[in-house]
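First the structure, in the form of structure tokens, and then the observations on it.
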Amino acid sequence: MVTLDDLLQKRGEWLRGEGPESDIVVSTRIRLARNLAEFPFGPRASQQDRERIEEVLRQVIAESPLFEDTLFLEVDKLSDLDRHFLVERQLMSREHAEASHPRALVIHPTEKFSLMINEEDHLRIQAVQSGFNLQACWELVNQVDDEIEKHVVYAFDEKFGYLTACPTNVGTGMRVSVMLHLPALGITRQIDKVFRSLQKLSLAVRGLYGEGSQAMGDFYQISNQITLGRSEAEILKNIGDIIPTILNYERQARNFLLKESHDQLHDRISRAYGILRTAQMISSEEAMHLLSSVRMGVTLGLIEDLDIPFLNDLFLHMQPAHLQKLVGVELDGDDRNLERAKFLREQLGRRASASQQKSQ
């Protein structure tokens, strides 16, 4: 069975750097909000209710072959560092990490799905696929949902659908989210125009870690806002129809920069690469910004000795909690900036040396 420390040495599903449209689409994620009919919802649930909910779902997981080898974590018993580590890996929400009541997290060994127990709802089922892969993601999350529903009774109304703690999730209880890397739209100052159009289509634009988070490194999450009155198929089709348009805008912007501002673009990417290889101190925000430029350079063929999976590893391991777990001690801000720069210099230096040896 995988352990929490084992995850540090692995590349999670959402950062494999493979799958359809993976030059721009980092990952596809679907979350389902579910509640058990016999217990009070969210804020009305007592500690005893929450403990019982966790017990019921833990028993379901223990008895189902689908959850064999999954990691079951009692989140309220984890350290702050481990909780933030799991948020950085996109395995649970910030709200789940920061709550104070009994709660749990279940993680598949490949990180392709996870379950948040006692988040805002009794159960949040999350499935993730690398690249733009709506159908595979839906089939996986639906399989997990069906398996759990064999053993419990969900709160469901024939008219309204699945009942949830927040009214905006009533209906399918489904949130489809596609994480995109859109640096060229940012450089050409078209990003706000695109996002205004998305809001008119009832799509939400969020940062790297979902609701309430800022966009870092030109990474954005696009997701549906409406669940009531729409079927799962309709929500998937809506996302599936709109995302390709955004991809087309980003590719047009990249091609424009290559054609009209090739030297300036190449200089921007080369400077970013140079700073990452030589900086003595660097914040996570600056490193994300620079890695964004380098990632675009790799996809455009302007940097040849790096690849997206390697950059994804850098992107994840330089995050504050991952960095501290790699070093083995908790660090303050300045020490993290020192260790982050050292980590990036070492990793990029090794890759450059390996590339030179290969070419000789």
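Residues are referred to by chain and number: the chain letter is A, B, ... according to the order shown in the structure tokens, the number counts from 1 in that chain, and ligands are numbered separately from 1 in the order shown.
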Practice item. Identify, with DSSP run on backbone atoms, the residues in range 143-253 of chain A assigned to alpha helix (DSSP H), and express the list as an MDAnalysis selection string. Key: chainID A and resid 143:149 183:187 191:200 232:253
Would you write out those residues with C-alpha atoms, as an mmCIF file, in the first residue's frame?
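Output file selection-v4.cif follows:
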```
data_model
loop_
_atom_site.group_PDB
_atom_site.id
_atom_site.type_symbol
_atom_site.label_atom_id
_atom_site.label_comp_id
_atom_site.auth_asym_id
_atom_site.auth_seq_id
_atom_site.Cartn_x
_atom_site.Cartn_y
_atom_site.Cartn_z
ATOM 1 C CA GLN A 143 -17.520 4.147 -11.651
ATOM 2 C CA VAL A 144 -16.383 5.262 -8.189
ATOM 3 C CA ASP A 145 -19.746 6.917 -7.506
ATOM 4 C CA ASP A 146 -21.703 3.811 -8.560
ATOM 5 C CA GLU A 147 -19.546 1.575 -6.388
ATOM 6 C CA ILE A 148 -20.155 3.663 -3.271
ATOM 7 C CA GLU A 149 -23.883 3.950 -4.023
ATOM 8 C CA PRO A 183 0.871 32.335 -21.243
ATOM 9 C CA ALA A 184 0.505 33.722 -24.783
ATOM 10 C CA LEU A 185 -2.966 35.115 -24.102
ATOM 11 C CA GLY A 186 -1.462 36.854 -21.094
ATOM 12 C CA ILE A 187 1.463 38.305 -23.042
ATOM 13 C CA ILE A 191 -6.785 36.964 -21.407
ATOM 14 C CA ASP A 192 -9.340 39.284 -19.782
ATOM 15 C CA LYS A 193 -11.420 39.397 -22.947
ATOM 16 C CA VAL A 194 -11.523 35.600 -23.086
ATOM 17 C CA PHE A 195 -12.491 35.343 -19.417
ATOM 18 C CA ARG A 196 -15.296 37.882 -19.758
ATOM 19 C CA SER A 197 -16.725 35.749 -22.555
ATOM 20 C CA LEU A 198 -16.535 32.650 -20.370
ATOM 21 C CA GLN A 199 -18.441 34.323 -17.550
ATOM 22 C CA LYS A 200 -21.279 35.115 -19.970
ATOM 23 C CA GLU A 232 -24.147 15.278 -16.695
ATOM 24 C CA ALA A 233 -24.044 14.838 -20.484
ATOM 25 C CA GLU A 234 -25.090 18.463 -21.048
ATOM 26 C CA ILE A 235 -22.433 19.791 -18.677
ATOM 27 C CA LEU A 236 -19.737 17.668 -20.311
ATOM 28 C CA LYS A 237 -20.829 18.757 -23.785
ATOM 29 C CA ASN A 238 -20.790 22.428 -22.790
ATOM 30 C CA ILE A 239 -17.234 22.194 -21.471
ATOM 31 C CA GLY A 240 -16.218 19.997 -24.381
ATOM 32 C CA ASP A 241 -17.486 22.560 -26.898
ATOM 33 C CA ILE A 242 -15.908 25.632 -25.277
ATOM 34 C CA ILE A 243 -12.422 24.474 -24.239
ATOM 35 C CA PRO A 244 -11.251 23.846 -27.858
ATOM 36 C CA THR A 245 -12.087 27.478 -28.665
ATOM 37 C CA ILE A 246 -9.817 28.667 -25.833
ATOM 38 C CA LEU A 247 -7.073 26.312 -27.021
ATOM 39 C CA ASN A 248 -7.391 27.797 -30.505
ATOM 40 C CA TYR A 249 -7.058 31.357 -29.118
ATOM 41 C CA GLU A 250 -3.935 30.394 -27.165
ATOM 42 C CA ARG A 251 -2.354 28.687 -30.191
ATOM 43 C CA GLN A 252 -3.113 31.693 -32.401
ATOM 44 C CA ALA A 253 -1.481 33.957 -29.801
#
```
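The neighbours of Gln347 in chain A here are the residues that come within 12 Å of it, using only C-alpha atoms and leaving out any residue fewer than 3 positions away in the same chain; they are Leu276, Arg277, Thr278, Leu306, Phe310, Leu311, Asp313, Leu314, Phe315, His317, Met318, Arg340, Ala341, Lys342, Phe343, Leu344, Arg350, Arg351, Ala352, Ser353 and Ala354 of chain A.
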Review point. Which is closer to Leu300 in chain A than all the others in A:Lys259, A:Arg50, A:Lys358, A:Lys10, using only C-alpha atoms?
Key: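 Checking each of A:Lys259, A:Arg50, A:Lys358, A:Lys10 against Leu300 in chain A, counting only C-alpha atoms, the winner is A:Lys259.
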Review point. Pick the closest to Glu286 in chain A from A:Gly301, A:Gly217, A:Pro309, A:Gly274: which is it, counting only C-alpha atoms?
Key: A:Gly217
**Study point:** Spatial neighbours of range 151-153 of chain A, max dist 12 Å, only C-alpha atoms, sep filter under 3 positions, as a count of residues only
**Key:** 27
Check your understanding: Skipping near chain neighbours, those fewer than 3 positions away, what residues fall within 12 Å of Met296 in chain A using only C-alpha atoms, listed as a PyMOL selection string?
Key -> chain A and resi 22-24+181-185+187+217-219+250-251+253-255+257-258+265-266+268-270+272-273+289-293+299-304+306-308+311
**Study point:** Expected answer as an NGL selection string: strand (DSSP E) residues in range 3-167 of chain A
**Key:** :A and (25-34 or 71-74 or 104-107 or 113-117 or 123-130 or 156-157 or 161-162)
Saved selection, atoms kept: N, CA and C atoms, as a CSV table (one decimal), in the first residue's frame:
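Written output follows (part.csv):
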```csv
chain,number,residue,atom,x,y,z
A,25,VAL,N,-3.4,21.9,-22.1
A,25,VAL,CA,-4.3,21.4,-21.1
A,25,VAL,C,-3.4,20.6,-20.1
A,26,VAL,N,-3.3,21.0,-18.9
A,26,VAL,CA,-2.6,20.2,-17.9
A,26,VAL,C,-3.4,19.0,-17.4
A,27,SER,N,-4.7,19.2,-17.1
A,27,SER,CA,-5.5,18.1,-16.6
A,27,SER,C,-6.9,18.4,-16.7
A,28,THR,N,-7.7,17.3,-16.6
A,28,THR,CA,-9.2,17.4,-16.6
A,28,THR,C,-9.6,16.8,-15.2
A,29,ARG,N,-10.5,17.5,-14.5
A,29,ARG,CA,-10.9,17.0,-13.2
A,29,ARG,C,-12.4,17.0,-13.1
A,30,ILE,N,-13.1,16.0,-12.5
A,30,ILE,CA,-14.5,16.0,-12.3
A,30,ILE,C,-14.7,15.7,-10.8
A,31,ARG,N,-15.5,16.6,-10.1
A,31,ARG,CA,-15.8,16.3,-8.7
A,31,ARG,C,-17.3,16.1,-8.6
A,32,LEU,N,-17.7,15.2,-7.8
A,32,LEU,CA,-19.1,14.9,-7.5
A,32,LEU,C,-19.4,15.2,-6.0
A,33,ALA,N,-20.4,16.0,-5.7
A,33,ALA,CA,-20.8,16.2,-4.3
A,33,ALA,C,-21.9,15.3,-3.9
A,34,ARG,N,-21.8,14.6,-2.8
A,34,ARG,CA,-22.8,13.6,-2.4
A,34,ARG,C,-22.9,13.7,-0.9
A,71,LEU,N,-5.0,4.7,0.0
A,71,LEU,CA,-4.5,5.3,1.2
A,71,LEU,C,-5.6,6.0,1.9
A,72,PHE,N,-5.9,5.6,3.2
A,72,PHE,CA,-6.9,6.3,4.0
A,72,PHE,C,-6.3,7.1,5.0
A,73,LEU,N,-6.5,8.4,5.0
A,73,LEU,CA,-5.9,9.4,5.9
A,73,LEU,C,-6.9,10.1,6.7
A,74,GLU,N,-6.7,10.1,8.0
A,74,GLU,CA,-7.5,11.0,8.9
A,74,GLU,C,-6.9,12.4,8.9
A,104,ALA,N,-11.6,13.0,6.6
A,104,ALA,CA,-10.7,12.0,6.0
A,104,ALA,C,-10.5,12.2,4.5
A,105,LEU,N,-9.4,11.6,4.0
A,105,LEU,CA,-9.1,11.6,2.6
A,105,LEU,C,-8.6,10.2,2.2
A,106,VAL,N,-9.2,9.8,1.0
A,106,VAL,CA,-8.8,8.5,0.4
A,106,VAL,C,-8.1,8.8,-0.9
A,107,ILE,N,-7.0,8.2,-1.1
A,107,ILE,CA,-6.2,8.4,-2.3
A,107,ILE,C,-5.8,7.1,-3.1
A,113,PHE,N,-7.9,9.2,-8.6
A,113,PHE,CA,-9.1,9.6,-7.9
A,113,PHE,C,-8.8,9.7,-6.4
A,114,SER,N,-9.6,10.6,-5.8
A,114,SER,CA,-9.5,10.7,-4.3
A,114,SER,C,-10.9,11.0,-3.8
A,115,LEU,N,-11.1,10.8,-2.5
A,115,LEU,CA,-12.4,11.0,-1.9
A,115,LEU,C,-12.1,11.9,-0.7
A,116,MET,N,-12.9,13.0,-0.6
A,116,MET,CA,-12.8,13.9,0.6
A,116,MET,C,-14.1,13.5,1.4
A,117,ILE,N,-13.9,13.1,2.6
A,117,ILE,CA,-15.0,12.7,3.5
A,117,ILE,C,-15.1,13.8,4.6
A,123,LEU,N,-19.4,13.8,1.3
A,123,LEU,CA,-18.5,13.1,0.4
A,123,LEU,C,-18.2,13.9,-0.9
A,124,ARG,N,-17.0,14.1,-1.2
A,124,ARG,CA,-16.6,14.7,-2.5
A,124,ARG,C,-15.7,13.7,-3.3
A,125,ILE,N,-16.2,13.2,-4.4
A,125,ILE,CA,-15.5,12.2,-5.2
A,125,ILE,C,-14.8,13.0,-6.3
A,126,GLN,N,-13.5,12.8,-6.5
A,126,GLN,CA,-12.7,13.5,-7.5
A,126,GLN,C,-12.0,12.5,-8.4
A,127,ALA,N,-12.1,12.7,-9.7
A,127,ALA,CA,-11.3,11.9,-10.6
A,127,ALA,C,-10.5,12.9,-11.5
A,128,VAL,N,-9.3,12.5,-11.9
A,128,VAL,CA,-8.4,13.4,-12.6
A,128,VAL,C,-7.8,12.6,-13.8
A,129,GLN,N,-7.6,13.2,-14.9
A,129,GLN,CA,-6.9,12.7,-16.0
A,129,GLN,C,-6.0,13.7,-16.6
A,130,SER,N,-4.8,13.3,-17.0
A,130,SER,CA,-3.8,14.2,-17.6
A,130,SER,C,-4.3,14.6,-19.0
A,156,PHE,N,-31.3,12.3,-2.2
A,156,PHE,CA,-31.6,12.5,-3.6
A,156,PHE,C,-33.1,12.9,-3.7
A,157,ASP,N,-33.5,13.8,-4.5
A,157,ASP,CA,-34.9,14.2,-4.8
A,157,ASP,C,-35.2,14.0,-6.2
A,161,GLY,N,-32.8,16.4,-7.9
A,161,GLY,CA,-31.5,15.7,-8.1
A,161,GLY,C,-30.8,15.4,-6.8
A,162,TYR,N,-29.5,15.4,-6.8
A,162,TYR,CA,-28.7,15.2,-5.6
A,162,TYR,C,-28.7,16.4,-4.8
```
Review point. What is the CA of Val178 in chain A-CA of Asn224 in chain A distance in Å, reported with one decimal?
Key: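 Result for CA of Val178 in chain A versus CA of Asn224 in chain A: 9.7 Å, one decimal.
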Check your understanding: Could you state the separation of CA of His96 in chain A and CA of Lys325 in chain A in Å, given to one decimal place?
Key ->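 So the two atoms, CA of His96 in chain A and CA of Lys325 in chain A, lie 20.3 Å apart.
The residue that comes closest to Glu120 in chain A, out of A:Trp14, A:Phe132, A:Phe41, A:Tyr154 and on the basis of only C-alpha atoms, is A:Phe41.
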For range 330-332 of chain A: contacts at 9 Å, only C-alpha atoms, fewer than 3 positions along chain excluded, given as a short mmCIF file (atom, residue, chain, number, x, y, z; two decimals) with N, CA, C and O atoms, in the first residue's frame:
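Wrote it out as around-v1.cif, contents follow:
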```
data_model
loop_
_atom_site.label_atom_id
_atom_site.label_comp_id
_atom_site.auth_asym_id
_atom_site.auth_seq_id
_atom_site.Cartn_x
_atom_site.Cartn_y
_atom_site.Cartn_z
N LEU A 81 1.99 20.66 7.68
CA LEU A 81 2.84 20.48 6.50
C LEU A 81 2.26 19.40 5.58
O LEU A 81 2.18 19.60 4.36
N PRO A 320 5.92 25.19 -1.55
CA PRO A 320 6.43 25.26 -0.17
C PRO A 320 6.41 23.94 0.61
O PRO A 320 7.43 23.55 1.21
N ALA A 321 5.28 23.23 0.64
CA ALA A 321 5.21 22.01 1.43
C ALA A 321 6.06 20.90 0.83
O ALA A 321 6.76 20.18 1.56
N GLN A 324 9.78 21.58 1.58
CA GLN A 324 10.14 21.29 2.96
C GLN A 324 10.20 19.79 3.23
O GLN A 324 11.06 19.32 3.98
N LYS A 325 9.32 19.02 2.60
CA LYS A 325 9.38 17.57 2.77
C LYS A 325 10.61 16.98 2.09
O LYS A 325 11.21 16.03 2.58
N VAL A 327 13.51 18.57 1.75
CA VAL A 327 14.65 18.95 2.59
C VAL A 327 14.62 18.20 3.91
O VAL A 327 15.68 17.90 4.48
N ASP A 335 14.50 30.99 4.03
CA ASP A 335 15.19 29.70 3.87
C ASP A 335 14.55 28.89 2.75
O ASP A 335 15.25 28.18 2.01
N ARG A 336 13.23 28.99 2.61
CA ARG A 336 12.57 28.29 1.49
C ARG A 336 13.05 28.87 0.16
O ARG A 336 13.29 28.12 -0.79
N ASN A 337 13.20 30.18 0.09
CA ASN A 337 13.66 30.80 -1.15
C ASN A 337 15.08 30.37 -1.50
O ASN A 337 15.41 30.19 -2.68
#
```
Review point. How far is it from CA of His84 in chain A to CA of Trp138 in chain A, in Å with one decimal?
Key: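 Between these atoms lies a distance of 26.9 Å.
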Review point. Which residue out of A:Ser177, A:Gln357, A:Thr168, A:Thr3 has the minimum interatomic distance to Leu134 in chain A when only C-alpha atoms are used?
Key: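 Closest to Leu134 in chain A of all the choices is A:Ser177.
Proximity to Ile282 in chain A was assessed for A:Ala165, A:Val75, A:Leu66, A:Leu338 counting only C-alpha atoms; the smallest distance is recorded for A:Leu338.
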Check your understanding: With only C-alpha atoms as the basis for distance, which of A:Val170, A:Leu348, A:Met281, A:Leu316 is at the shortest distance from Arg230 in chain A?
Key -> A:Val170
